[in-house]
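Raw model-v4.csv, CSV, C-alpha atoms:
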chain,number,residue,atom,x,y,z
A,1,MET,CA,-22.3,-19.1,-21.2
A,2,GLN,CA,-24.8,-19.0,-18.4
A,3,PHE,CA,-24.3,-16.5,-15.6
A,4,ALA,CA,-24.7,-19.2,-12.9
A,5,ALA,CA,-21.8,-21.1,-14.5
A,6,THR,CA,-19.4,-18.2,-14.4
A,7,ARG,CA,-16.9,-17.8,-11.6
A,8,PRO,CA,-15.9,-14.5,-10.1
A,9,LEU,CA,-12.4,-13.3,-10.9
A,10,SER,CA,-9.9,-12.5,-8.2
A,11,CYS,CA,-8.4,-9.0,-8.3
A,12,GLU,CA,-5.2,-10.3,-9.7
A,13,GLN,CA,-7.0,-12.2,-12.4
A,14,ALA,CA,-9.0,-9.1,-13.3
A,15,ALA,CA,-6.1,-6.7,-13.4
A,16,ARG,CA,-4.5,-6.4,-16.8
A,17,PRO,CA,-0.7,-6.5,-16.9
A,18,ASN,CA,-0.5,-2.9,-18.1
A,19,ASP,CA,-3.0,-1.5,-15.6
A,20,VAL,CA,-0.5,-0.2,-13.2
A,21,PHE,CA,-3.0,1.2,-10.7
A,22,SER,CA,-4.9,-2.0,-10.4
A,23,ASN,CA,-1.7,-4.0,-9.9
A,24,ILE,CA,-0.6,-1.6,-7.2
A,25,LEU,CA,-4.0,-1.7,-5.5
A,26,TRP,CA,-4.6,-5.4,-5.3
A,27,ARG,CA,-1.1,-6.1,-4.0
A,28,ALA,CA,-1.2,-3.4,-1.4
A,29,THR,CA,-4.7,-4.5,-0.2
A,30,ARG,CA,-3.7,-8.2,-0.1
A,31,ALA,CA,-0.5,-7.2,1.8
A,32,GLN,CA,-2.6,-5.4,4.4
A,33,VAL,CA,-4.8,-8.5,4.9
A,34,LEU,CA,-1.8,-10.8,5.1
A,35,ALA,CA,-0.1,-8.5,7.7
A,36,ARG,CA,-3.2,-8.6,9.9
A,37,ARG,CA,-3.1,-12.4,9.6
A,38,LEU,CA,0.5,-12.2,10.9
A,39,GLU,CA,1.8,-13.6,7.6
A,40,HIS,CA,4.6,-10.9,7.7
A,41,ARG,CA,6.9,-12.3,5.0
A,42,ALA,CA,4.2,-12.7,2.4
A,43,ALA,CA,2.7,-9.3,3.3
A,44,ALA,CA,6.0,-7.5,3.0
A,45,GLU,CA,6.8,-9.2,-0.4
A,46,LEU,CA,3.4,-8.1,-1.8
A,47,ALA,CA,3.7,-4.6,-0.4
A,48,ARG,CA,7.2,-4.2,-1.9
A,49,GLU,CA,5.8,-5.5,-5.3
A,50,ALA,CA,3.2,-2.7,-5.1
A,51,VAL,CA,5.8,-0.1,-4.4
A,52,GLY,CA,7.8,-1.5,-7.4
A,53,PHE,CA,4.9,-1.1,-9.7
A,54,ALA,CA,4.3,2.4,-8.4
A,55,ALA,CA,7.9,3.4,-8.7
A,56,GLU,CA,7.9,2.6,-12.4
A,57,SER,CA,5.0,4.9,-13.0
A,58,ASP,CA,4.4,8.6,-12.8
A,59,PHE,CA,1.6,8.2,-10.3
A,60,LEU,CA,3.2,10.0,-7.3
A,61,ASP,CA,0.1,9.6,-5.1
A,62,ALA,CA,-0.2,5.9,-5.8
A,63,HIS,CA,3.5,5.5,-5.1
A,64,GLY,CA,3.1,7.4,-1.8
A,65,ASP,CA,0.0,5.2,-1.0
A,66,ALA,CA,2.0,2.0,-1.7
A,67,LEU,CA,4.8,3.2,0.6
A,68,ARG,CA,2.3,4.1,3.3
A,69,ASP,CA,0.8,0.6,3.0
A,70,LEU,CA,4.3,-0.9,3.2
A,71,ALA,CA,4.9,1.2,6.3
A,72,GLU,CA,1.8,-0.3,7.9
A,73,VAL,CA,2.9,-3.9,7.0
A,74,HIS,CA,6.3,-3.1,8.7
A,75,ARG,CA,4.5,-1.5,11.7
A,76,ILE,CA,2.4,-4.6,12.2
A,77,ALA,CA,5.5,-6.8,12.0
A,78,GLY,CA,7.2,-4.7,14.6
A,79,ARG,CA,9.7,-3.1,12.2
A,80,ALA,CA,9.4,0.5,13.3
A,81,ASP,CA,12.6,1.7,11.6
A,82,ASP,CA,11.4,0.3,8.2
A,83,ALA,CA,8.0,1.7,8.8
A,84,ARG,CA,9.5,5.2,9.4
A,85,SER,CA,11.6,4.9,6.3
A,86,ALA,CA,8.7,4.1,4.1
A,87,LEU,CA,6.6,6.9,5.6
A,88,GLU,CA,9.3,9.4,5.1
A,89,GLN,CA,9.5,8.4,1.4
A,90,ALA,CA,5.7,8.6,1.1
A,91,LEU,CA,5.7,12.0,2.7
A,92,GLN,CA,8.3,13.2,0.2
A,93,LEU,CA,6.2,12.0,-2.7
A,94,TYR,CA,3.0,13.6,-1.4
A,95,GLU,CA,4.8,16.9,-0.9
A,96,GLN,CA,6.3,16.7,-4.4
A,97,LYS,CA,2.8,16.2,-5.8
A,98,GLY,CA,1.4,18.9,-3.6
A,99,ASN,CA,-1.1,16.5,-2.0
A,100,VAL,CA,-1.4,18.3,1.4
A,101,VAL,CA,-4.1,16.0,2.7
A,102,SER,CA,-2.1,12.8,2.2
A,103,ALA,CA,1.1,14.5,3.4
A,104,GLY,CA,-0.7,15.5,6.6
A,105,LYS,CA,-1.8,11.9,7.1
A,106,ALA,CA,1.7,10.6,6.5
A,107,ARG,CA,3.1,13.2,8.9
A,108,ALA,CA,0.6,12.1,11.6
A,109,LEU,CA,1.5,8.4,11.0
A,110,LEU,CA,5.2,9.3,11.1
A,111,GLU,CA,4.7,11.1,14.4
A,112,ALA,CA,2.8,8.1,15.9
A,113,THR,CA,5.6,5.8,14.7
A,114,HIS,CA,8.2,7.9,16.4
A,115,GLU,CA,6.2,8.0,19.6
A,116,GLY,CA,5.6,4.3,19.5
A,117,THR,CA,1.8,4.7,19.5
A,118,PRO,CA,-0.3,2.8,17.0
A,119,PRO,CA,-2.0,5.0,14.4
A,120,ALA,CA,-5.7,5.7,14.7
A,121,ALA,CA,-8.1,3.3,13.1
A,122,GLY,CA,-8.8,4.1,9.5
A,123,SER,CA,-5.8,6.4,9.2
A,124,GLY,CA,-4.0,4.4,6.6
A,125,VAL,CA,-6.3,2.9,4.0
A,126,ARG,CA,-7.7,5.0,1.2
A,127,ARG,CA,-7.6,4.9,-2.6
A,128,THR,CA,-7.7,7.6,-5.3
A,129,PRO,CA,-6.5,6.9,-8.8

Target encoding structure tokens, full file:
Amino acid sequence: MQFAATRPLSCEQAARPNDVFSNILWRATRAQVLARRLEHRAAAELAREAVGFAAESDFLDAHGDALRDLAEVHRIAGRADDARSALEQALQLYEQKGNVVSAGKARALLEATHEGTPPAAGSGVRRTP
């Protein structure tokens, strides 16, 4: 096969079914994009799928990250109570893992959500396997 004839794979096509982290990551990332396009229903569905994948794994940080992304989707959609709930769950997972950096970020986002102020740019998206 010639290189020019190949087509790039999308993230979901490239992720193997048993690659939990990749399946969490592409769903959470796509959910963020959809939320910013104001496609709230589709964004929330993908974000919940990411949380579901994470919940079935032992990746506490990835689970917390997926919940933090779900919170951002809820925040963009104007669902502050749902955003707070997801952030509280993320914080609990980060603390359980002992991840003080992500726990601190989750606390800051939770405070901002309680105060009704939008989080600082770049405070939500990050990835570590």

### Query
Looking at all atoms listed in the file, which of A:Asn23, A:Arg68, A:Gln32, A:Ala80 is the one that sits closest to Gly52 of chain A?
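Checking each of A:Asn23, A:Arg68, A:Gln32, A:Ala80 against Gly52 of chain A, counting all atoms listed in the file, the winner is A:Asn23.
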
### Message
Can you tell me which residues surround segment 91-99 of chain A at a distance of at most 8 Å, considering all atoms listed in the file, apart from same-chain residues fewer than 5 positions away, and format the answer as a PyMOL selection string?
### Response
chain A and resi 60-61+63-64+106-107

### Query
Given the choices A:Asp19, A:Glu88, A:Glu39, A:Glu111, which gets closest to Val73 of chain A if the distance is worked out from all atoms listed in the file?
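Comparing A:Asp19, A:Glu88, A:Glu39, A:Glu111 against Val73 of chain A, the winner is A:Glu39.
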
### Task
Enter the distance from atom CA of Ala103 of chain A to atom CA of His40 of chain A, in Å, rounded to one decimal.
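We find that atom CA of Ala103 of chain A and atom CA of His40 of chain A lie 26.0 Å from each other.
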
### Closest of A:Ser85, A:Ser22, A:Ser102, A:Thr113 to Leu70 of chain A - atom-to-atom distances counting only C-alpha atoms
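The shortest atom-to-atom distance to Leu70 of chain A comes from A:Ser85.
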
### Query
Between atom CA of Ala77 of chain A and atom CA of Glu56 of chain A, what is the distance, to one decimal in Å?
26.3 Å

### Task
Could you please determine the separation between atom CA of Arg30 of chain A and atom CA of Ala83 of chain A in Å, to one decimal place?
17.7 Å

### Query
Quick one: of A:Gly104, A:Leu67, A:Arg79, A:Leu25, who's nearest to Val51 of chain A, counting only C-alpha atoms?
A:Leu67

### Task
Tell me which of A:Val20, A:Val100, A:Ala62, A:Ile76 sits closest to Ala44 of chain A, counting only C-alpha atoms.
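So, comparing all the options, the nearest one is A:Ile76.
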
### Task
Compute the distance from (-2.5, -5.4, 5.6) to each atom, counting all atoms listed in the file, keep the residues with any atom at most 10 Å away, and return them as a PyMOL selection string; use the coordinates of the file.
chain A and resi 27-40+43-44+46-47+69-74+76+124-125
